[in-house]
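Written below as structure tokens is the structure these notes are about.
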Amino acid sequence: MASTGTTSTTGGGHEWWRTAVIYQVYPRSFADANGDGVGDLPGITAHLPELQNLGVDAVWLSPFMTSPQRDAGYDVADYCDVDPLFGTLDDFDRMLEAAHGLGLRVIIDLVPNHTSSDHVWFKDALASSDGSPERGHYWFRDGKGENGDEPPNNWESVFGGPAWTRVTNPDGTPGQWYLHLFDTSQPDLNWTDPWVWEQFRGILRFWLDRGVDGFRIDVAHGMVKADGLPDATPDEAAGSMGGAGGALALEPEISDEPPSLPYWGQEGGHEIFRDWHKVLAEYDGDRALCGEAWVDPPAKLARYVRPDEMQQTFNFSYLETPWQAPALRTVIADSLAAFNGVGAPSTWVLSNHDVVRHATRLGVSGDNPQGHGLGPKSNVTVDAVTGLRRARAATTVMLALPGSAYLFQGEELGLPEVIDLPDSARQDPTWFRTDGERYGRDGCRVPIPWTAAGPSFGFNDTGASWLPQPAIWALLARDAEELDPDSTLALYKLLLAEREGRGLGAGELEWLKGFGDDVVAFRNGGVTVVANLGEASIALPDGEVVVSSEPLTGTDLPTDTAVWLLG
Ligand code: NOJ
């Protein structure tokens, strides 16, 4: 096999976040110690040993702060306390200590684009007059039209419907409008207000003082809005859920310079991350920021991780790449080149709490469902067997790549999206704001199975579950997979151990040629990685098979299979 001269690195440096595999815990659905049907911090603490045993380096916790839970905790009412649903600050401290004791780093979610409408800052703003400093912390504006009864501009909420809601004055008359790029209960903060900057410096220090290793920054690409809040052009406004990527994800991509929508990817956002970089630098231990920035292409995304900004950013271009070898090769090469160009590690991700799980997504034909979720009436065909087979191969490729990778809880069990949730169980604001036109994200958030037997498959011991769990969870439960050497769990454990042992996270990628267009092939750290995405089998290359995404028989590498080879 011939190799090209192309090599890429993780961007230099030895900080933990350059190579870490980070496991996303979605607290509502991970483990429920008090049996109320919603996961909690003591539940996480109890199951950290399984995560250490899996072989990950760190966990990222989705929000557990005080919140009315209108958007599953991404609507924060107090940034410096734990919602009673999840426990207490003491529970958090215990969880953090236990994680560190097991050698696991912990990053937590920070939601700076918006607060909950229950936050005291917003309540104060509502109680204050038009033009007051309190209102200045948010985006309050007079409406258009003779009576101000039209929204200030034409922006649409990511969750559907207008991005503006009108308030009622204390005397009962209609008042100003406030901006919410998401639900009405999530008013956007005004990041031109220095007061807001000061509050968030304090919030960062609050958690850094407690010992967190970093933050995942929610909606990092949306915090700064274009001067004057200009209208979006009609086409762009109409497509705000799907954006340039064709309805691929929760939030739209941006692919042009200058930004094509006045609320995504504005240049001013980078100043905030420079400020936070300095706050983190006050602390020891390589603390890190990871941005949730739905920005494309990778060259533009890399601007979020320049040396004085964030340490990492999610690579959603990778997540959105279809299961086609040329596209996969391109996104890998572009990502490595772009991130390496700014001295940052590439990151890789296939699933999270906002998208259709990749074990289902990769088996779907029909209109791409991401961002719209999947439900009983979705106009797609799902081939679950193919989906899982491709998902295992996709992860086998991903975990061989240099840089840092994110896993979403349950993917190590091969969990599929739960498509047949009853309408009455759905909780995603997207579902409500679009009158059921978009199913939203509940299908990837169903509480995960720990045991094949027992109430709620070991999620708790009462059987309560905030979303109903499907019967197939019995087959995919962790204790069942622990006994099966061919299980997805066994595959993930092997991949993680070999990745760690062979230092692949810090390795260099060298493309291999001569395999044909449907094959992704490269070397990293002495390992040859070959993934066959074509319909026909190919000859298994020479070498000792260290990992295979499927059991191999004979000398073929079948379709939708990836291997790691030595020699
Ligand atoms: C991105 C989060 O991942 C998603 O779950 C949330 O709904 C939006 N940001 C709004 O906070």
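In the structure tokens, chains take the letters A, B, ... in the order shown, each chain's residues start at 1, and ligands count up from 1 in the order shown.
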
Sorted by chain and rising residue number, which residues of chain A lie within 10 Å of ligand 1, and what are their closest atom pairs and distances in Å to one decimal, counting only C-alpha atoms and all ligand atoms, as CSV?
residue,atom,partner,partner_atom_place_in_ligand_line,distance
A:Ser62,CA,ligand 1,3 (O),8.2
A:Pro63,CA,ligand 1,5 (O),9.4
A:Arg70,CA,ligand 1,7 (O),9.4
A:Asp71,CA,ligand 1,7 (O),5.8
A:Ala72,CA,ligand 1,5 (O),7.5
A:Gly73,CA,ligand 1,11 (O),8.2
A:Tyr74,CA,ligand 1,11 (O),4.5
A:Asp75,CA,ligand 1,11 (O),6.7
A:Val76,CA,ligand 1,11 (O),9.2
A:Asp109,CA,ligand 1,3 (O),9.2
A:Leu110,CA,ligand 1,11 (O),9.4
A:Val111,CA,ligand 1,11 (O),6.4
A:Pro112,CA,ligand 1,11 (O),8.7
A:Asn113,CA,ligand 1,11 (O),7.5
A:His114,CA,ligand 1,11 (O),7.4
A:Thr115,CA,ligand 1,11 (O),8.9
A:Ser116,CA,ligand 1,11 (O),9.8
A:Val158,CA,ligand 1,10 (C),8.5
A:Phe159,CA,ligand 1,7 (O),8.2
A:His180,CA,ligand 1,10 (C),9.9
A:Leu181,CA,ligand 1,10 (C),8.2
A:Phe182,CA,ligand 1,10 (C),6.1
A:Asp183,CA,ligand 1,10 (C),8.2
A:Gln186,CA,ligand 1,11 (O),7.9
A:Arg216,CA,ligand 1,3 (O),9.6
A:Ile217,CA,ligand 1,1 (C),8.9
A:Asp218,CA,ligand 1,1 (C),5.4
A:Val219,CA,ligand 1,9 (N),5.3
A:Ala220,CA,ligand 1,9 (N),9.0
A:Gly222,CA,ligand 1,9 (N),9.6
A:Leu250,CA,ligand 1,1 (C),7.6
A:Glu251,CA,ligand 1,1 (C),7.8
A:Glu292,CA,ligand 1,1 (C),7.3
A:Ala293,CA,ligand 1,1 (C),9.2
A:Trp294,CA,ligand 1,1 (C),9.6
A:Asn352,CA,ligand 1,3 (O),8.0
A:His353,CA,ligand 1,5 (O),6.4
A:Asp354,CA,ligand 1,5 (O),5.5
A:Val355,CA,ligand 1,3 (O),9.2
A:Asp428,CA,ligand 1,7 (O),8.4
A:Pro429,CA,ligand 1,7 (O),8.3
A:Thr430,CA,ligand 1,7 (O),8.8
A:Gly440,CA,ligand 1,7 (O),9.9
A:Arg441,CA,ligand 1,5 (O),8.3

- From a DSSP pass on the backbone, collect the residues of range 335-516 of chain A flagged as alpha helix (DSSP H) and hand them back as a PyMOL selection string. chain A and resi 335-341+358-361+384-398+429-433+473-476+478-482+488-501

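Distance-wise, CA of His277 in chain A and CA of Asp308 in chain A end up 6.2 Å apart.
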
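Those residues that approach range 334-351 of chain A to within 7 Å, counting only C-alpha atoms, are Ser8, Thr9, Thr10, Gly11, Gly12, Arg18, Pro298, Ala299, Ala302, Val305, Arg306, Pro307, Gln311, Gln312, Thr313, Phe314, Asn315, Tyr318, Leu319, Arg357, His358, Met398, Gly403, Ser404, Ala405, Tyr406, Leu407 and Phe408 of chain A; same-chain residues fewer than 5 positions away are not listed.
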
- Excluding same-chain residues fewer than 5 positions from Val38 in chain A, what lies within 12 Å of it counting only C-alpha atoms, as a ChimeraX atom specification? /A:26-33,43-44,64,69,72,83-87,445-448,456,459-468

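Checking A:Gly414, A:Pro297, A:Pro194, A:Pro449 one by one against Ala333 in chain A, counting only C-alpha atoms, you find the shortest gap at A:Pro297.
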
- Using only C-alpha atoms, find the one residue out of A:Pro416, A:Gly161, A:Pro152, A:Gly143 that sits nearest to Phe432 in chain A. A:Gly161
